[in-house]
Amino acid sequence: MPLVTLTTDFGTNDWFVGTLHGVILSKEPRTRIVDITHAIPPGDIRAGAFALKCAAPYFPKGTVHVAIVDPGVGGLRRAIAVRTASAWFVGPDNGLLSWAVPDGDIRSIRSLENTKLFLPRISHTFHGRDIFAPIAARLTGRFNESSLGAKLNCMKRLPWPRPLETRTAICGEVIYVDRFGNAITNIAADLVAGRTGYFSGHSPRAWRCPLETHYGAVPPGRPVAVAGSSGLVEVAINQGSAARKLRLRTGDALRFTPST
Amino acid sequence: MPLVTLTTDFGTNDWFVGTLHGVILSKEPRTRIVDITHAIPPGDIRAGAFALKCAAPYFPKGTVHVAIVDPGVGGLRRAIAVRTASAWFVGPDNGLLSWAVPDGDIRSIRSLENTKLFLPRISHTFHGRDIFAPIAARLTGRFNESSLGAKLNCMKRLPWPRPLETRTAICGEVIYVDRFGNAITNIAADLVAGRTGYFSGHSPRAWRCPLETHYGAVPPGRPVAVAGSSGLVEVAINQGSAARKLRLRTGDALRFTPST
Amino acid sequence: MPLVTLTTDFGTNDWFVGTLHGVILSKEPRTRIVDITHAIPPGDIRAGAFALKCAAPYFPKGTVHVAIVDPGVGGLRRAIAVRTASAWFVGPDNGLLSWAVPDGDIRSIRSLENTKLFLPRISHTFHGRDIFAPIAARLTGRFNESSLGAKLNCMKRLPWPRPLETRTAICGEVIYVDRFGNAITNIAADLVAGRTGYFSGHSPRAWRCPLETHYGAVPPGRPVAVAGSSGLVEVAINQGSAARKLRLRTGDALRFTPST
């Protein structure tokens with residue numbers, strides 16, 4: 001069954017998302033559409049890239065992932081479709097797709113240029129509806145890949161912030177704050193697996209917490225670091241919000257200090 | 001495949017929307033249901049009418065559009081189903097459906113009176129679940145139209161605010177503010193197509209911006225008017241929010257002054 | 001057609017809900033998934049239990065209801081699947097399922113222990129994805145119930161706050177405040193059906209309103225009590241919000257005083 005996912009900053013207050021569904025179902029009525037999220041902060045390409053990277057591995061082979069966080073809509077940025085061994089990724093070429101698609105996984109990249117595949121009238125402000133939705137419907141079926149547009153050698157990539165390992169600590173940062181106020185870091189859980197130690201930071205205020213296996217290993221209201229569900233360490237408050245209590249935000253520095 | 005859309009002010013915090021899906025799928029399990037939006041401000045019939053008008057044209061022929069913004073629920077307002085050449089529209093007869101259904105498109109209007117088509121117990125507060133959802137499921141299939149209820153000659157219409165063209169300007173207003181803070185006006189893009197000039201207003205504060213083809217034609221943070229995706233001019237801030245920066249709200253007056 | 005519903009506190013800002021859909025569709029591509037709500041306040045088991053209780057009766061026989069409000073995730077609480085005559089209910093054994101499943105309806109309860117039915121890697125923080133979603137997909141089809149895990153004799157129950165009937169009044173409380181600001185009480189509509197009288201409270205401020213059949217029976221802006229759609233009396237403001245105007249919150253006391 002054709003499956004399309006949507007990850008956007010459109011919000012769900014207006015008719016934008018429903019309209020994407022309408023266009024896709026008009027072109028390919030059997031499509032199953034899954035909304036990954038439409039609450040990416042407006043224009044926040046990194047947050048969109050991270051959400052897509054976390055969700056995409058859990059979808060069946062052949063899924064078409066559409067991501068639209070597109071502050072440059074109507075300007076000169078390219079629109080692309082990227083094929084991997086297991087899925088298609090479609091969106092603006094602004095780095096949004098790049099964390100979900102490691103270089104080694106890419107089979108081909110196409111510039112979306114064939115206006116025959118778009119809606120008849122292309123607005124300057126809603127390429128999701130006019131370009132990406134009809135392309136997504138097309139990608140769920142059989143088609144000649146070269147009909148999409150020119151083959152590209154590369155796509156724009158967002159740099160992934162790598163943690164810095166020193167002799168005494170691993171220095172990282174908050175990469176995403178989720179709905180529960182958990183601060184997801186760029187430090188892979190594997191990097192600290194089996195070790196004991198503590199996480200700490202001092203921005204905007206000093207905090208420190210142990211590395212544990214689950215939230216409940218500390219009393220309610222206390223901070224704790226755990227291996228999160230995306231394979232990254234996250235800093236949390238048991239039954240609370242690290243975003244609120246520790247004031248953690250994306251980009252805040254932190255470090256892991258192993259027990260000696 | 002039967003397709004039903006939902007446009008309501010129910011929000012998604014409670015179980016209301018899920019319950020609509022449940023009732024529809026209980027009656028007609030194959031139905032595909034698309035949520036256009038459930039975030040219409042409570043009781044804001046105009047916002048609901050506008051969302052439905054913008055989204056409905058992008059759905060396949062035969063779609064059943066259910067819209068529920070119904071401050072008069074349980075009172076004397078009628079419930080109606082409107083058939084056009086391409087779709088059904090179902091909801092309270094309070095003007096909500098009227099912008100999506102121009103008079104010329106209407107094939108028939110039925111008053112929903114046949115209680116056999118409703119759920120067995122009709123609450124006074126949730127006609128979406130008890131009346132509109134089961135009716136929508138019914139409308140996706142074959143049925144005798146007269147079984148719905150009495151044929152009506154007209155439905156309640158919301159007046160569409162027409163812009164006023166003077167010798168020196170086109171005077172209009174903000175008709176909807178979207179999630180990005182773009183202020184959508186009642187001035188058709190066709191009315192200003194190919195012309196140069198500026199948009200301006202002085203409520204709540206004075207502002208002025210050029211008419212351009214896309215947001216990025218002005219520097220980030222600057223206001224710009226563009227032809228929006230619904231065929232209406234919208235006032236935006238490139239990479240920002242006109243609602244926040246210019247404080248624009250629905251109903252605010254503005255004007256287009258062509259270059260001389 | 002296999003049908004799964006989701007009721008969680010995951011919010012829709014992140015990729016969590018989309019990921020649940022992905023896992024379910026990976027295991028059972030034909031599944032229809034309905035999101036009842038994902039906006040249960042984080043960790044609010046009672047709100048989740050109430051939403052599930054209100055929505056579940058409106059789904060077709062055979063539906064698999066997944067509910068996840070799970071502040072104890074990763075700790076020692078059990079995960080369970082409960083079979084009734086008409087549906088499956090799946091979630092943590094913390095009382096969340098208990099209002100939707102009266103004791104008399106239960107056919108069997110299973111502890112979810114068979115790791116072969118889970119995803120290969122179980123995180124400590126996202127059992128929704130790793131345990132409940134794959135189990136839900138499994139429950140939509142044919143399978144040997146004993147493969148789930150041990151049979152249990154009981155599940156954790158949340159006490160339902162019963163109203164207190166005195167000689168002169170019925171004393172109750174607010175059990176849920178919905179999106180419209182309606183304060184749903186624990187007083188069954190049947191208990192006051194056909195009677196006249198008024199509802200009142202004095203927390204946080206004194207208020208009083210008549211029992212009527214629909215919101216519009218009082219002028220706009222005035223409080224009114226009506227039989228709500230879930231069979232419970234709710235206190236509302238006609239065309240307004242009781243939560244805002246009367247400051248009503250979950251747990252606030254109120255009473256019904258019949259006319260003498």
# chains A, B, ... in the order shown; residues from 1 in each chain; ligands from 1
$ residues_around --residues "region 163-166 of chain B" --least-positions-apart "6" --cutoff "12 Å" --atoms "only C-alpha atoms" --output "PyMOL selection string"
chain B and resi 172-175+185-189+191-192+232-233+253-258
$ closest_atom_pairs --of "chain C" --to "chain A" --cutoff "8 Å" --atoms "only C-alpha atoms" --output "CSV"
residue,atom,partner,partner_atom,distance
C:Phe10,CA,A:Arg179,CA,7.1
C:Gly11,CA,A:Arg179,CA,6.4
C:Thr12,CA,A:Thr37,CA,6.1
C:Asn13,CA,A:Ala39,CA,4.9
C:Asp14,CA,A:Thr37,CA,6.1
C:Trp15,CA,A:Ile36,CA,5.3
C:Phe16,CA,A:Ala55,CA,7.5
C:Val17,CA,A:Ile36,CA,6.7
C:Gly18,CA,A:Ile36,CA,4.0
C:Thr19,CA,A:Ala55,CA,5.2
C:His21,CA,A:Val34,CA,6.9
C:Gly22,CA,A:Phe59,CA,4.5
C:Val23,CA,A:Tyr58,CA,5.5
C:Leu25,CA,A:Pro60,CA,7.1
C:Ser26,CA,A:Pro60,CA,4.8
C:Pro29,CA,A:Met1,CA,7.0
C:Arg30,CA,A:Met1,CA,7.7
C:Pro42,CA,A:Phe180,CA,7.0
C:Gly43,CA,A:Gln239,CA,7.4
C:Pro71,CA,A:Gln239,CA,6.3
C:Gly72,CA,A:Gly216,CA,6.7
C:Val73,CA,A:Tyr215,CA,7.8
C:Gly74,CA,A:His214,CA,5.5
C:Gly75,CA,A:Gly216,CA,6.2
C:Ser123,CA,A:Ser229,CA,5.4
C:His124,CA,A:His214,CA,5.7
C:Thr125,CA,A:Ser229,CA,5.9
C:Phe126,CA,A:Ser229,CA,5.8
$ write_last_selection --atoms "N, CA and C atoms" --output "compact mmCIF listing (two decimals), in the first residue's frame"
# COMPACT_ATOMS: atom_id res chain seq x y z
N PHE C 10 1.75 12.16 24.38
CA PHE C 10 2.98 12.41 23.63
C PHE C 10 3.02 13.80 22.99
N GLY C 11 1.87 14.45 22.89
CA GLY C 11 1.82 15.68 22.13
C GLY C 11 2.03 15.40 20.66
N THR C 12 1.88 16.43 19.85
CA THR C 12 2.09 16.26 18.41
C THR C 12 3.21 17.16 17.92
N ASN C 13 3.99 17.69 18.85
CA ASN C 13 5.09 18.56 18.44
C ASN C 13 6.29 17.78 17.91
N ASP C 14 6.47 16.58 18.43
CA ASP C 14 7.66 15.81 18.08
C ASP C 14 7.29 14.69 17.10
N TRP C 15 8.16 13.74 16.95
CA TRP C 15 7.97 12.65 15.98
C TRP C 15 7.40 11.40 16.62
N PHE C 16 7.00 11.49 17.89
CA PHE C 16 6.61 10.29 18.62
C PHE C 16 5.39 9.61 18.01
N VAL C 17 4.35 10.39 17.78
CA VAL C 17 3.11 9.81 17.28
C VAL C 17 3.31 9.25 15.88
N GLY C 18 3.99 10.01 15.03
CA GLY C 18 4.25 9.51 13.68
C GLY C 18 5.02 8.20 13.72
N THR C 19 5.92 8.10 14.68
CA THR C 19 6.71 6.87 14.79
C THR C 19 5.84 5.68 15.19
N HIS C 21 2.75 5.31 14.38
CA HIS C 21 2.08 4.92 13.13
C HIS C 21 3.01 4.08 12.26
N GLY C 22 4.27 4.53 12.17
CA GLY C 22 5.22 3.81 11.33
C GLY C 22 5.43 2.38 11.78
N VAL C 23 5.57 2.19 13.07
CA VAL C 23 5.79 0.83 13.59
C VAL C 23 4.56 -0.05 13.33
N LEU C 25 2.26 0.32 11.04
CA LEU C 25 2.09 0.04 9.60
C LEU C 25 3.19 -0.87 9.07
N SER C 26 4.35 -0.85 9.71
CA SER C 26 5.40 -1.78 9.30
C SER C 26 5.00 -3.22 9.60
N PRO C 29 0.37 -3.52 7.51
CA PRO C 29 0.19 -2.36 6.62
C PRO C 29 -1.26 -1.96 6.38
N ARG C 30 -2.20 -2.86 6.62
CA ARG C 30 -3.58 -2.51 6.30
C ARG C 30 -4.27 -1.78 7.45
N PRO C 42 0.93 15.86 30.28
CA PRO C 42 1.95 14.86 30.59
C PRO C 42 1.74 14.20 31.95
N GLY C 43 1.61 12.89 31.94
CA GLY C 43 1.50 12.13 33.18
C GLY C 43 0.13 12.14 33.82
N PRO C 71 3.98 7.73 33.26
CA PRO C 71 5.10 8.36 33.97
C PRO C 71 6.07 7.34 34.54
N GLY C 72 5.66 6.09 34.66
CA GLY C 72 6.54 5.08 35.22
C GLY C 72 7.31 4.29 34.17
N VAL C 73 7.34 4.79 32.92
CA VAL C 73 7.98 4.04 31.85
C VAL C 73 9.42 3.68 32.23
N GLY C 74 9.79 2.46 31.92
CA GLY C 74 11.15 2.02 32.20
C GLY C 74 11.31 1.48 33.61
N GLY C 75 10.31 1.71 34.47
CA GLY C 75 10.37 1.20 35.84
C GLY C 75 9.66 -0.13 35.94
N SER C 123 13.94 0.50 24.20
CA SER C 123 14.48 1.65 24.92
C SER C 123 13.87 1.70 26.32
N HIS C 124 14.45 2.53 27.16
CA HIS C 124 13.89 2.68 28.51
C HIS C 124 12.89 3.83 28.58
N THR C 125 12.70 4.52 27.48
CA THR C 125 11.90 5.74 27.56
C THR C 125 10.73 5.77 26.58
N PHE C 126 10.65 4.83 25.65
CA PHE C 126 9.64 4.94 24.60
C PHE C 126 9.02 3.56 24.35
$ select_by_dssp --residues "region 22-236 of chain B" --states "strand (DSSP E)" --output "VMD selection string"
chain B and resid 32 to 37 63 to 68 79 to 84 87 to 92 106 to 111 151 to 152 164 to 165 170 to 177 183 to 188 197 to 201 207 to 210 223 to 227 232 to 236
$ residues_around --residues "Arg138 (chain A)" --least-positions-apart "2" --cutoff "10 Å" --atoms "only C-alpha atoms" --output "PyMOL selection string"
chain A and resi 24+27-28+64+117-118+132-136+140-143+148
$ select_by_dssp --residues "region 139-250 of chain C" --states "helix (DSSP H, G or I)" --output "PyMOL selection string"
chain C and resi 139+145-147+189-192+215-217+242-245
$ write_last_selection --atoms "N, CA, C and O atoms" --output "short mmCIF file (atom, residue, chain, number, x, y, z; two decimals), in the first residue's frame"
data_model
loop_
_atom_site.label_atom_id
_atom_site.label_comp_id
_atom_site.auth_asym_id
_atom_site.auth_seq_id
_atom_site.Cartn_x
_atom_site.Cartn_y
_atom_site.Cartn_z
N LEU C 139 -2.35 -7.52 17.77
CA LEU C 139 -3.71 -7.76 18.27
C LEU C 139 -4.78 -7.55 17.21
O LEU C 139 -5.91 -8.00 17.38
N GLU C 145 -3.59 -16.04 22.08
CA GLU C 145 -3.58 -15.06 23.16
C GLU C 145 -2.54 -15.37 24.23
O GLU C 145 -1.94 -14.47 24.81
N SER C 146 -2.31 -16.64 24.48
CA SER C 146 -1.37 -16.99 25.54
C SER C 146 0.06 -16.59 25.17
O SER C 146 0.93 -16.50 26.04
N SER C 147 0.30 -16.32 23.90
CA SER C 147 1.65 -15.92 23.50
C SER C 147 2.00 -14.53 24.01
O SER C 147 3.17 -14.13 24.02
N ALA C 189 -26.04 12.51 34.05
CA ALA C 189 -27.20 13.27 33.57
C ALA C 189 -28.49 12.56 33.99
O ALA C 189 -29.49 13.21 34.31
N ASP C 190 -28.46 11.24 34.01
CA ASP C 190 -29.66 10.48 34.40
C ASP C 190 -30.10 10.83 35.83
O ASP C 190 -31.28 10.73 36.16
N LEU C 191 -29.14 11.20 36.64
CA LEU C 191 -29.42 11.47 38.05
C LEU C 191 -30.28 12.74 38.22
O LEU C 191 -30.97 12.89 39.23
N VAL C 192 -30.19 13.62 37.25
CA VAL C 192 -30.95 14.87 37.35
C VAL C 192 -31.98 15.00 36.24
O VAL C 192 -32.65 16.03 36.13
N TYR C 215 -27.13 24.78 25.72
CA TYR C 215 -26.40 26.00 26.06
C TYR C 215 -27.23 27.27 25.81
O TYR C 215 -27.24 28.21 26.60
N GLY C 216 -27.93 27.26 24.67
CA GLY C 216 -28.62 28.47 24.23
C GLY C 216 -29.84 28.83 25.06
O GLY C 216 -30.49 29.83 24.79
N ALA C 217 -30.15 28.02 26.05
CA ALA C 217 -31.31 28.31 26.90
C ALA C 217 -31.05 29.50 27.83
O ALA C 217 -31.97 30.01 28.45
N ALA C 242 -16.46 28.29 30.67
CA ALA C 242 -16.62 28.21 32.11
C ALA C 242 -15.27 28.14 32.81
O ALA C 242 -15.09 28.62 33.92
N ALA C 243 -14.31 27.53 32.13
CA ALA C 243 -12.97 27.45 32.72
C ALA C 243 -12.41 28.85 32.92
O ALA C 243 -11.77 29.14 33.93
N ARG C 244 -12.69 29.74 31.96
CA ARG C 244 -12.14 31.08 32.05
C ARG C 244 -13.00 31.96 32.95
O ARG C 244 -12.51 32.66 33.82
N LYS C 245 -14.30 31.91 32.74
CA LYS C 245 -15.18 32.85 33.44
C LYS C 245 -15.41 32.45 34.89
O LYS C 245 -15.40 33.29 35.78
#
$ atom_distance --atom1 "CA of Cys209 (chain C)" --atom2 "CA of Gly197 (chain C)"
8.7 Å
$ atom_distance --atom1 "CA of Ala206 (chain C)" --atom2 "CA of Ala193 (chain C)"
24.4 Å
$ atom_distance --atom1 "CA of Asp105 (chain C)" --atom2 "CA of Phe89 (chain C)"
11.6 Å
$ closest_residue --among "B:Gly128, B:Glu212, B:Gly149, B:Gly201" --to "Cys171 (chain B)" --atoms "only C-alpha atoms"
B:Gly201
$ residues_around --residues "Asn153 (chain C)" --least-positions-apart "6" --cutoff "12 Å" --atoms "only C-alpha atoms" --output "ChimeraX atom specification"
/C:80,82,103,106-111
$ write_last_selection --atoms "N, CA and C atoms" --output "CSV table (one decimal), in the first residue's frame"
chain,number,residue,atom,x,y,z
C,80,ILE,N,0.0,-4.2,30.0
C,80,ILE,CA,-1.1,-5.2,29.9
C,80,ILE,C,-1.9,-5.0,28.6
C,82,VAL,N,-6.0,-5.9,27.7
C,82,VAL,CA,-7.2,-6.3,28.3
C,82,VAL,C,-8.2,-6.6,27.1
C,103,ASP,N,-15.3,-3.8,35.2
C,103,ASP,CA,-14.9,-5.1,35.6
C,103,ASP,C,-15.8,-6.2,34.9
C,106,ILE,N,-14.7,-7.5,31.3
C,106,ILE,CA,-13.4,-8.0,31.0
C,106,ILE,C,-13.4,-9.5,30.8
C,107,ARG,N,-12.9,-10.0,29.6
C,107,ARG,CA,-12.8,-11.4,29.3
C,107,ARG,C,-11.4,-11.9,29.8
C,108,SER,N,-10.4,-11.1,29.6
C,108,SER,CA,-9.1,-11.6,30.0
C,108,SER,C,-8.1,-10.4,30.1
C,109,ILE,N,-7.1,-10.6,30.9
C,109,ILE,CA,-6.0,-9.6,31.1
C,109,ILE,C,-4.7,-10.4,30.9
C,110,ARG,N,-3.8,-9.8,30.1
C,110,ARG,CA,-2.5,-10.5,29.8
C,110,ARG,C,-1.4,-9.5,30.2
C,111,SER,N,-0.4,-10.0,30.8
C,111,SER,CA,0.8,-9.2,31.1
C,111,SER,C,1.6,-9.3,29.8
$ residues_around --residues "Gly104 (chain B)" --least-positions-apart "6" --cutoff "12 Å" --atoms "only C-alpha atoms" --output "short mmCIF file (atom, residue, chain, number, x, y, z; two decimals) with N, CA, C and O atoms, in the first residue's frame"
data_model
loop_
_atom_site.label_atom_id
_atom_site.label_comp_id
_atom_site.auth_asym_id
_atom_site.auth_seq_id
_atom_site.Cartn_x
_atom_site.Cartn_y
_atom_site.Cartn_z
N ARG B 83 -25.30 19.47 -1.96
CA ARG B 83 -24.64 18.71 -3.02
C ARG B 83 -24.23 19.66 -4.14
O ARG B 83 -25.02 20.49 -4.58
N THR B 84 -22.98 19.56 -4.55
CA THR B 84 -22.52 20.29 -5.73
C THR B 84 -22.18 19.25 -6.80
O THR B 84 -22.35 18.05 -6.59
N ALA B 85 -21.67 19.71 -7.92
CA ALA B 85 -21.31 18.77 -8.98
C ALA B 85 -20.19 17.84 -8.54
O ALA B 85 -20.05 16.73 -9.06
N SER B 98 -20.93 28.31 3.37
CA SER B 98 -21.34 29.13 2.22
C SER B 98 -20.21 29.63 1.35
O SER B 98 -20.38 29.79 0.15
N CYS B 154 -32.72 27.47 -0.15
CA CYS B 154 -31.54 28.30 0.08
C CYS B 154 -30.88 27.91 1.40
O CYS B 154 -31.46 27.18 2.21
#
